[in-house]
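So this one's data28.pdb, PDB, C-alpha atoms:
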ATOM      1  CA  MET A1387     -60.607 -52.854 -75.992  1.00  0.00           C
ATOM      2  CA  GLY A1388     -58.433 -52.428 -72.888  1.00  0.00           C
ATOM      3  CA  ILE A1389     -57.255 -56.032 -73.010  1.00  0.00           C
ATOM      4  CA  ILE A1390     -56.432 -55.804 -76.715  1.00  0.00           C
ATOM      5  CA  SER A1391     -54.765 -52.399 -76.672  1.00  0.00           C
ATOM      6  CA  SER A1392     -52.749 -52.638 -73.444  1.00  0.00           C
ATOM      7  CA  SER A1393     -49.715 -54.924 -73.309  1.00  0.00           C
ATOM      8  CA  ILE A1394     -49.894 -55.204 -69.517  1.00  0.00           C
ATOM      9  CA  ALA A1395     -53.602 -56.007 -69.571  1.00  0.00           C
ATOM     10  CA  ARG A1396     -53.052 -58.702 -72.205  1.00  0.00           C
ATOM     11  CA  LYS A1397     -50.355 -60.354 -70.090  1.00  0.00           C
ATOM     12  CA  VAL A1398     -52.533 -60.239 -66.976  1.00  0.00           C
ATOM     13  CA  ALA A1399     -55.502 -61.702 -68.866  1.00  0.00           C
ATOM     14  CA  MET A1400     -53.234 -64.415 -70.278  1.00  0.00           C
ATOM     15  CA  ALA A1401     -51.905 -65.235 -66.798  1.00  0.00           C
ATOM     16  CA  LEU A1402     -55.339 -65.334 -65.148  1.00  0.00           C
ATOM     17  CA  SER A1403     -56.807 -67.580 -67.836  1.00  0.00           C
ATOM     18  CA  GLY A1404     -53.746 -69.829 -67.528  1.00  0.00           C
ATOM     19  CA  LEU A1405     -54.140 -70.090 -63.749  1.00  0.00           C
ATOM     20  CA  PHE A1406     -57.788 -71.016 -64.225  1.00  0.00           C
ATOM     21  CA  LEU A1407     -56.843 -73.782 -66.664  1.00  0.00           C
ATOM     22  CA  VAL A1408     -54.158 -75.046 -64.265  1.00  0.00           C
ATOM     23  CA  LEU A1409     -56.826 -75.494 -61.583  1.00  0.00           C
ATOM     24  CA  PHE A1410     -58.962 -77.480 -64.015  1.00  0.00           C
ATOM     25  CA  LEU A1411     -55.939 -79.576 -64.983  1.00  0.00           C
ATOM     26  CA  GLY A1412     -55.415 -80.591 -61.368  1.00  0.00           C
ATOM     27  CA  GLN A1413     -59.065 -81.536 -60.959  1.00  0.00           C
ATOM     28  CA  HIS A1414     -59.029 -83.491 -64.226  1.00  0.00           C
ATOM     29  CA  PHE A1415     -55.888 -85.360 -63.165  1.00  0.00           C
ATOM     30  CA  THR A1416     -57.370 -86.241 -59.771  1.00  0.00           C
ATOM     31  CA  ILE A1417     -60.416 -87.849 -61.371  1.00  0.00           C
ATOM     32  CA  ASN A1418     -58.413 -89.691 -64.036  1.00  0.00           C
ATOM     33  CA  LEU A1419     -55.940 -91.034 -61.483  1.00  0.00           C
ATOM     34  CA  THR A1420     -58.734 -92.955 -59.753  1.00  0.00           C
ATOM     35  CA  SER A1421     -59.069 -95.038 -62.932  1.00  0.00           C
ATOM     36  CA  THR A1422     -55.739 -96.713 -62.114  1.00  0.00           C
ATOM     37  CA  PHE A1423     -56.892 -98.161 -58.797  1.00  0.00           C
ATOM     38  CA  SER A1424     -60.714 -97.982 -58.652  1.00  0.00           C
ATOM     39  CA  PRO A1425     -62.812 -98.219 -61.812  1.00  0.00           C
ATOM     40  CA  GLU A1426     -65.951 -97.824 -59.695  1.00  0.00           C
ATOM     41  CA  THR A1427     -64.743 -94.521 -58.219  1.00  0.00           C
ATOM     42  CA  PHE A1428     -63.742 -93.270 -61.653  1.00  0.00           C
ATOM     43  CA  ASN A1429     -67.189 -94.150 -62.995  1.00  0.00           C
ATOM     44  CA  GLU A1430     -68.864 -92.348 -60.101  1.00  0.00           C
ATOM     45  CA  PHE A1431     -66.826 -89.169 -60.565  1.00  0.00           C
ATOM     46  CA  SER A1432     -67.254 -89.222 -64.334  1.00  0.00           C
ATOM     47  CA  HIS A1433     -70.988 -89.816 -64.130  1.00  0.00           C
ATOM     48  CA  PHE A1434     -71.374 -86.921 -61.700  1.00  0.00           C
ATOM     49  CA  MET A1435     -69.353 -84.589 -63.937  1.00  0.00           C
ATOM     50  CA  GLY A1436     -71.266 -85.734 -67.001  1.00  0.00           C
ATOM     51  CA  THR A1437     -74.758 -85.330 -65.563  1.00  0.00           C
ATOM     52  CA  ASN A1438     -74.566 -82.551 -62.974  1.00  0.00           C
ATOM     53  CA  PHE A1439     -76.401 -79.449 -64.221  1.00  0.00           C
ATOM     54  CA  LEU A1440     -73.955 -76.989 -62.658  1.00  0.00           C
ATOM     55  CA  VAL A1441     -70.984 -78.697 -64.284  1.00  0.00           C
ATOM     56  CA  GLN A1442     -72.602 -79.123 -67.683  1.00  0.00           C
ATOM     57  CA  ALA A1443     -74.479 -75.821 -68.019  1.00  0.00           C
ATOM     58  CA  ILE A1444     -72.075 -73.442 -66.278  1.00  0.00           C
ATOM     59  CA  LEU A1445     -68.619 -74.820 -65.571  1.00  0.00           C
ATOM     60  CA  GLN A1446     -68.168 -76.572 -68.914  1.00  0.00           C
ATOM     61  CA  PRO A1447     -68.986 -73.482 -71.037  1.00  0.00           C
ATOM     62  CA  VAL A1448     -66.716 -71.390 -68.798  1.00  0.00           C
ATOM     63  CA  LEU A1449     -63.931 -73.928 -69.284  1.00  0.00           C
ATOM     64  CA  ILE A1450     -64.341 -73.959 -73.071  1.00  0.00           C
ATOM     65  CA  PHE A1451     -64.315 -70.160 -73.118  1.00  0.00           C
ATOM     66  CA  GLY A1452     -61.187 -70.169 -70.914  1.00  0.00           C
ATOM     67  CA  VAL A1453     -59.355 -72.512 -73.294  1.00  0.00           C
ATOM     68  CA  ILE A1454     -60.284 -70.471 -76.368  1.00  0.00           C
ATOM     69  CA  PHE A1455     -59.482 -67.178 -74.651  1.00  0.00           C
ATOM     70  CA  HIS A1456     -56.083 -68.395 -73.412  1.00  0.00           C
ATOM     71  CA  PHE A1457     -54.946 -69.606 -76.810  1.00  0.00           C
ATOM     72  CA  VAL A1458     -56.311 -66.610 -78.730  1.00  0.00           C
ATOM     73  CA  MET A1459     -54.618 -64.267 -76.269  1.00  0.00           C
ATOM     74  CA  GLY A1460     -51.409 -66.288 -76.606  1.00  0.00           C
ATOM     75  CA  PHE A1461     -51.415 -65.891 -80.379  1.00  0.00           C
ATOM     76  CA  ILE A1462     -52.149 -62.168 -80.071  1.00  0.00           C
ATOM     77  CA  LEU A1463     -49.226 -61.722 -77.679  1.00  0.00           C
ATOM     78  CA  GLU A1464     -46.925 -63.694 -79.964  1.00  0.00           C
ATOM     79  CA  ILE A1465     -47.890 -61.641 -83.024  1.00  0.00           C
ATOM     80  CA  ARG A1466     -47.452 -58.370 -81.131  1.00  0.00           C
ATOM     81  CA  ASN A1467     -44.095 -59.477 -79.736  1.00  0.00           C
ATOM     82  CA  ARG A1468     -42.838 -60.537 -83.147  1.00  0.00           C
ATOM     83  CA  SER A1469     -43.938 -57.212 -84.614  1.00  0.00           C
ATOM     84  CA  ALA A1470     -42.093 -55.368 -81.843  1.00  0.00           C
ATOM     85  CA  ARG A1471     -38.899 -57.277 -82.713  1.00  0.00           C
ATOM     86  CA  GLN A1472     -38.830 -56.312 -86.374  1.00  0.00           C
ATOM     87  CA  ILE A1473     -35.766 -54.161 -85.661  1.00  0.00           C
ATOM     88  CA  SER A1474     -32.891 -56.566 -85.123  1.00  0.00           C
ATOM     89  CA  TYR A1475     -30.296 -55.900 -82.450  1.00  0.00           C
ATOM     90  CA  VAL A1476     -26.814 -57.210 -83.207  1.00  0.00           C
ATOM     91  CA  SER A1477     -25.986 -57.531 -79.529  1.00  0.00           C
ATOM     92  CA  TYR A1478     -29.150 -59.434 -78.664  1.00  0.00           C
ATOM     93  CA  LYS A1479     -28.763 -63.148 -78.063  1.00  0.00           C
ATOM     94  CA  GLY A1480     -32.031 -64.864 -77.173  1.00  0.00           C
ATOM     95  CA  SER A1481     -30.380 -67.881 -75.600  1.00  0.00           C
ATOM     96  CA  ALA A1482     -28.397 -65.651 -73.268  1.00  0.00           C
ATOM     97  CA  ASN A1483     -31.426 -63.686 -72.091  1.00  0.00           C
ATOM     98  CA  SER A1484     -34.146 -66.297 -71.800  1.00  0.00           C
ATOM     99  CA  SER A1485     -34.671 -70.052 -71.771  1.00  0.00           C
ATOM    100  CA  TRP A1486     -35.559 -72.113 -74.835  1.00  0.00           C
ATOM    101  CA  VAL A1487     -38.957 -72.867 -73.313  1.00  0.00           C
ATOM    102  CA  SER A1488     -39.833 -69.206 -72.755  1.00  0.00           C
ATOM    103  CA  ARG A1489     -38.818 -68.313 -76.325  1.00  0.00           C
ATOM    104  CA  ASN A1490     -40.925 -71.104 -77.827  1.00  0.00           C
ATOM    105  CA  MET A1491     -44.135 -71.010 -75.801  1.00  0.00           C
ATOM    106  CA  ILE A1492     -46.120 -70.541 -79.007  1.00  0.00           C
ATOM    107  CA  TYR A1493     -44.890 -73.878 -80.388  1.00  0.00           C
ATOM    108  CA  SER A1494     -45.603 -75.872 -77.251  1.00  0.00           C
ATOM    109  CA  GLY A1495     -48.976 -74.118 -77.190  1.00  0.00           C
ATOM    110  CA  VAL A1496     -49.745 -75.250 -80.739  1.00  0.00           C
ATOM    111  CA  VAL A1497     -48.916 -78.860 -79.834  1.00  0.00           C
ATOM    112  CA  ILE A1498     -51.176 -78.627 -76.779  1.00  0.00           C
ATOM    113  CA  LEU A1499     -53.950 -77.149 -78.926  1.00  0.00           C
ATOM    114  CA  ALA A1500     -53.624 -80.082 -81.339  1.00  0.00           C
ATOM    115  CA  PHE A1501     -53.737 -82.451 -78.374  1.00  0.00           C
ATOM    116  CA  LEU A1502     -56.934 -80.795 -77.125  1.00  0.00           C
ATOM    117  CA  GLY A1503     -58.436 -81.413 -80.553  1.00  0.00           C
ATOM    118  CA  LEU A1504     -57.561 -85.115 -80.234  1.00  0.00           C
ATOM    119  CA  HIS A1505     -58.881 -85.186 -76.668  1.00  0.00           C
ATOM    120  CA  PHE A1506     -62.180 -83.606 -77.715  1.00  0.00           C
ATOM    121  CA  TYR A1507     -62.406 -86.092 -80.602  1.00  0.00           C
ATOM    122  CA  ASP A1508     -61.758 -89.022 -78.264  1.00  0.00           C
ATOM    123  CA  PHE A1509     -63.976 -88.061 -75.337  1.00  0.00           C
ATOM    124  CA  TRP A1510     -66.068 -84.895 -75.595  1.00  0.00           C
ATOM    125  CA  PHE A1511     -67.597 -85.433 -79.043  1.00  0.00           C
ATOM    126  CA  PRO A1512     -68.543 -89.080 -78.323  1.00  0.00           C
ATOM    127  CA  GLU A1513     -70.075 -87.926 -75.022  1.00  0.00           C
ATOM    128  CA  ILE A1514     -72.197 -85.311 -76.810  1.00  0.00           C
ATOM    129  CA  ALA A1515     -73.239 -87.875 -79.420  1.00  0.00           C
ATOM    130  CA  TYR A1516     -74.088 -90.491 -76.779  1.00  0.00           C
ATOM    131  CA  LYS A1517     -76.289 -88.182 -74.715  1.00  0.00           C
ATOM    132  CA  TYR A1518     -77.823 -85.699 -77.154  1.00  0.00           C
ATOM    133  CA  ILE A1519     -77.682 -87.164 -80.662  1.00  0.00           C
ATOM    134  CA  GLU A1520     -78.225 -90.876 -80.058  1.00  0.00           C
ATOM    135  CA  GLY A1521     -80.330 -90.221 -76.966  1.00  0.00           C
ATOM    136  CA  ASN A1522     -78.982 -93.205 -75.032  1.00  0.00           C
ATOM    137  CA  PRO A1523     -80.094 -93.753 -71.418  1.00  0.00           C
ATOM    138  CA  ALA A1524     -77.709 -92.796 -68.644  1.00  0.00           C
ATOM    139  CA  ASP A1525     -75.184 -95.518 -67.868  1.00  0.00           C
ATOM    140  CA  ALA A1526     -72.995 -94.836 -64.831  1.00  0.00           C
ATOM    141  CA  THR A1527     -70.726 -97.815 -65.583  1.00  0.00           C
ATOM    142  CA  ARG A1528     -69.594 -96.996 -69.116  1.00  0.00           C
ATOM    143  CA  TYR A1529     -66.869 -94.400 -68.492  1.00  0.00           C
ATOM    144  CA  TYR A1530     -64.031 -96.659 -67.402  1.00  0.00           C
ATOM    145  CA  GLY A1531     -64.394 -98.938 -70.414  1.00  0.00           C
ATOM    146  CA  GLU A1532     -64.477 -95.957 -72.770  1.00  0.00           C
ATOM    147  CA  LEU A1533     -61.309 -94.583 -71.185  1.00  0.00           C
ATOM    148  CA  VAL A1534     -59.182 -97.728 -71.366  1.00  0.00           C
ATOM    149  CA  GLU A1535     -60.341 -98.442 -74.927  1.00  0.00           C
ATOM    150  CA  LYS A1536     -58.669 -95.231 -76.105  1.00  0.00           C
ATOM    151  CA  PHE A1537     -55.283 -96.400 -74.880  1.00  0.00           C
ATOM    152  CA  HIS A1538     -55.207 -99.740 -76.684  1.00  0.00           C
ATOM    153  CA  SER A1539     -53.461 -98.182 -79.681  1.00  0.00           C
ATOM    154  CA  PRO A1540     -49.712 -97.588 -79.225  1.00  0.00           C
ATOM    155  CA  VAL A1541     -49.912 -94.697 -81.701  1.00  0.00           C
ATOM    156  CA  ARG A1542     -52.644 -92.876 -79.790  1.00  0.00           C
ATOM    157  CA  THR A1543     -50.923 -93.584 -76.479  1.00  0.00           C
ATOM    158  CA  GLY A1544     -47.675 -92.241 -77.890  1.00  0.00           C
ATOM    159  CA  LEU A1545     -49.406 -89.069 -79.050  1.00  0.00           C
ATOM    160  CA  TYR A1546     -50.828 -88.543 -75.580  1.00  0.00           C
ATOM    161  CA  VAL A1547     -47.427 -89.068 -73.962  1.00  0.00           C
ATOM    162  CA  LEU A1548     -45.731 -86.653 -76.381  1.00  0.00           C
ATOM    163  CA  SER A1549     -48.446 -84.067 -75.812  1.00  0.00           C
ATOM    164  CA  PHE A1550     -47.987 -84.217 -72.051  1.00  0.00           C
ATOM    165  CA  VAL A1551     -44.236 -83.713 -72.465  1.00  0.00           C
ATOM    166  CA  PHE A1552     -44.982 -80.487 -74.327  1.00  0.00           C
ATOM    167  CA  LEU A1553     -47.552 -79.587 -71.684  1.00  0.00           C
ATOM    168  CA  ALA A1554     -44.847 -79.931 -69.035  1.00  0.00           C
ATOM    169  CA  LEU A1555     -42.561 -77.610 -71.013  1.00  0.00           C
ATOM    170  CA  HIS A1556     -45.367 -75.102 -71.453  1.00  0.00           C
ATOM    171  CA  LEU A1557     -46.348 -75.177 -67.787  1.00  0.00           C
ATOM    172  CA  TYR A1558     -42.772 -75.048 -66.529  1.00  0.00           C
ATOM    173  CA  HIS A1559     -42.393 -71.503 -67.784  1.00  0.00           C
ATOM    174  CA  GLY A1560     -46.006 -70.366 -68.038  1.00  0.00           C
ATOM    175  CA  PHE A1561     -47.300 -71.377 -64.603  1.00  0.00           C
ATOM    176  CA  ALA A1562     -44.362 -69.875 -62.707  1.00  0.00           C
ATOM    177  CA  SER A1563     -44.296 -66.641 -64.723  1.00  0.00           C
ATOM    178  CA  SER A1564     -48.059 -66.137 -64.332  1.00  0.00           C
ATOM    179  CA  PHE A1565     -47.569 -65.078 -60.702  1.00  0.00           C
ATOM    180  CA  GLN A1566     -45.214 -62.323 -61.807  1.00  0.00           C
ATOM    181  CA  SER A1567     -47.636 -61.235 -64.548  1.00  0.00           C
ATOM    182  CA  VAL A1568     -50.451 -60.675 -62.057  1.00  0.00           C
ATOM    183  CA  GLY A1569     -48.142 -58.710 -59.767  1.00  0.00           C
ATOM    184  CA  PHE A1570     -47.740 -61.369 -57.078  1.00  0.00           C
ATOM    185  CA  ASN A1571     -44.364 -60.386 -55.702  1.00  0.00           C
ATOM    186  CA  ASN A1572     -44.197 -60.834 -51.929  1.00  0.00           C
ATOM    187  CA  LYS A1573     -42.450 -63.151 -49.510  1.00  0.00           C
ATOM    188  CA  TYR A1574     -44.458 -66.111 -50.797  1.00  0.00           C
ATOM    189  CA  ALA A1575     -43.568 -65.539 -54.468  1.00  0.00           C
ATOM    190  CA  THR A1576     -40.406 -67.659 -54.456  1.00  0.00           C
ATOM    191  CA  GLY A1577     -42.173 -70.578 -52.808  1.00  0.00           C
ATOM    192  CA  LEU A1578     -45.086 -70.354 -55.243  1.00  0.00           C
ATOM    193  CA  LYS A1579     -42.743 -70.376 -58.223  1.00  0.00           C
ATOM    194  CA  LYS A1580     -41.004 -73.486 -56.883  1.00  0.00           C
ATOM    195  CA  PHE A1581     -44.379 -75.140 -56.358  1.00  0.00           C
ATOM    196  CA  ALA A1582     -45.397 -74.171 -59.912  1.00  0.00           C
ATOM    197  CA  LYS A1583     -42.317 -75.834 -61.391  1.00  0.00           C
ATOM    198  CA  VAL A1584     -42.873 -79.019 -59.390  1.00  0.00           C
ATOM    199  CA  TYR A1585     -46.536 -78.993 -60.448  1.00  0.00           C
ATOM    200  CA  ALA A1586     -45.508 -78.454 -64.086  1.00  0.00           C
ATOM    201  CA  ILE A1587     -43.517 -81.686 -64.031  1.00  0.00           C
ATOM    202  CA  ALA A1588     -45.597 -83.817 -61.661  1.00  0.00           C
ATOM    203  CA  ILE A1589     -49.053 -83.387 -63.230  1.00  0.00           C
ATOM    204  CA  PRO A1590     -48.059 -84.124 -66.860  1.00  0.00           C
ATOM    205  CA  ALA A1591     -45.931 -87.031 -65.575  1.00  0.00           C
ATOM    206  CA  GLY A1592     -49.028 -88.283 -63.764  1.00  0.00           C
ATOM    207  CA  PHE A1593     -51.085 -88.135 -66.951  1.00  0.00           C
ATOM    208  CA  ILE A1594     -48.325 -90.031 -68.781  1.00  0.00           C
ATOM    209  CA  PHE A1595     -48.421 -92.686 -66.066  1.00  0.00           C
ATOM    210  CA  ILE A1596     -52.203 -93.033 -66.491  1.00  0.00           C
ATOM    211  CA  ALA A1597     -51.913 -93.438 -70.273  1.00  0.00           C
ATOM    212  CA  LEU A1598     -49.114 -96.017 -70.024  1.00  0.00           C
ATOM    213  CA  PHE A1599     -50.837 -97.858 -67.184  1.00  0.00           C
ATOM    214  CA  HIS A1600     -53.955 -98.464 -69.246  1.00  0.00           C
ATOM    215  CA  HIS A1601     -51.985 -99.227 -72.396  1.00  0.00           C
ATOM    216  CA  PHE A1602     -49.911-101.978 -70.775  1.00  0.00           C
ATOM    217  CA  ASN A1603     -52.598-103.379 -68.458  1.00  0.00           C
ATOM    218  CA  HIS A1604     -55.554-103.794 -70.813  1.00  0.00           C
TER     219      HIS A1604
END
Would you give me this structure, written as structure tokens?
Amino acid sequence: MGIISSSIARKVAMALSGLFLVLFLGQHFTINLTSTFSPETFNEFSHFMGTNFLVQAILQPVLIFGVIFHFVMGFILEIRNRSARQISYVSYKGSANSSWVSRNMIYSGVVILAFLGLHFYDFWFPEIAYKYIEGNPADATRYYGELVEKFHSPVRTGLYVLSFVFLALHLYHGFASSFQSVGFNNKYATGLKKFAKVYAIAIPAGFIFIALFHHFNH
């Protein structure tokens, strides 16, 4: 109840879950980037992640819980904030007090949530079907082909690119502000916020590069 009833606790929980997902995003990008220069390495990494017990039985459920928790907490915060702003202030101008990105985190979050649905449909659901429903034998060479096949369609590739643009917008405000939410305010805070903003642009741009690379080269 503390997380639900306390505004500060909700913001801290939101920030911590976001930082956890940022770490996963970096790991996911690192693995996917190998597909642009070494299909064999990508297959090896993917096979390890798809068959390792620790990853599948512990880390994957934790990740899924983290995603659900982050978005549910985001919607709760948005609803509470909107309720708190029911009284309108004539002198208040949102654009003068905060950036467009910070005022519209809920919308970029919804786009990212829709993208995650597409991503699960493209990769996670087929993986579950391949291993547990169809009962196929392990094949450590199949992952690269499955990846590049998804980027044949210009429509699907375009959706991925658009989603990563919104991810960059979401991260640009969310990642940097998460340090403030958890009370990290020392001599390293300014440097961390600068790093967060660079990360927010570089990682989504990297994912866009991967999608376009496979679309135009296969």
Give me the residues near segment 1568-1583 of chain A as an MDAnalysis selection string, where near means some atom within 8 Å (using all atoms listed in the file) and where sequence neighbours in that chain fewer than 2 positions away do not count. chainID A and resid 1398 1401:1402 1557:1559 1561:1566 1585:1587
Can you write just those residues out, C-alpha atoms, as a CSV table (one decimal), in the frame of the given file?
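selection.csv was written with the following content:
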chain,number,residue,atom,x,y,z
A,1398,VAL,CA,-52.5,-60.2,-67.0
A,1401,ALA,CA,-51.9,-65.2,-66.8
A,1402,LEU,CA,-55.3,-65.3,-65.1
A,1557,LEU,CA,-46.3,-75.2,-67.8
A,1558,TYR,CA,-42.8,-75.0,-66.5
A,1559,HIS,CA,-42.4,-71.5,-67.8
A,1561,PHE,CA,-47.3,-71.4,-64.6
A,1562,ALA,CA,-44.4,-69.9,-62.7
A,1563,SER,CA,-44.3,-66.6,-64.7
A,1564,SER,CA,-48.1,-66.1,-64.3
A,1565,PHE,CA,-47.6,-65.1,-60.7
A,1566,GLN,CA,-45.2,-62.3,-61.8
A,1585,TYR,CA,-46.5,-79.0,-60.4
A,1586,ALA,CA,-45.5,-78.5,-64.1
A,1587,ILE,CA,-43.5,-81.7,-64.0
Here is a test: counting all atoms listed in the file, which residue of A:Gly1521, A:Tyr1516, A:Ala1591, A:Phe1552 is nearest to Val1497 of chain A? A:Phe1552
In Å and to one decimal, atom CA of Gly1460 of chain A is distant from atom CA of Leu1545 of chain A by 23.0 Å
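Taking atom CA of Leu1449 of chain A and atom CA of Val1541 of chain A as endpoints, the distance between them is 28.0 Å.
Going from atom CA of Ala1526 of chain A over to atom CA of Asn1438 of chain A, you cover 12.5 Å.
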Just the residues within 12 Å of Tyr1493 of chain A, please, counting all atoms listed in the file, with nothing from its chain fewer than 3 positions along; format it as a PyMOL selection string. chain A and resi 1457+1460-1461+1464+1486-1490+1496-1500+1549+1552-1553+1555-1556
In the coordinate frame of the file, compute which residues have an atom within 6 Å of (-69.8, -95.3, -60.6) when using all atoms listed in the file, and state them as a PDB file with C-alpha atoms, keeping the file's coordinate frame.
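What follows is the written file part30.pdb:
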ATOM      1  CA  GLU A1426     -65.951 -97.824 -59.695  1.00  0.00           C
ATOM      2  CA  THR A1427     -64.743 -94.521 -58.219  1.00  0.00           C
ATOM      3  CA  ASN A1429     -67.189 -94.150 -62.995  1.00  0.00           C
ATOM      4  CA  GLU A1430     -68.864 -92.348 -60.101  1.00  0.00           C
ATOM      5  CA  ALA A1526     -72.995 -94.836 -64.831  1.00  0.00           C
ATOM      6  CA  THR A1527     -70.726 -97.815 -65.583  1.00  0.00           C
TER       7      THR A1527
END
Which residues come within 12 Å of segment 1440-1443 of chain A, counting all atoms listed in the file, excluding same-chain residues fewer than 5 positions away, as a VMD selection string? chain A and resid 1431 to 1435 1448 to 1450 1510 1513 to 1514
Residues matched by the PyMOL selection byres ((chain A and resi 1410) around 12) as a PyMOL selection string: chain A and resi 1403-1409+1411-1417+1445-1446+1448-1450+1452-1453+1589
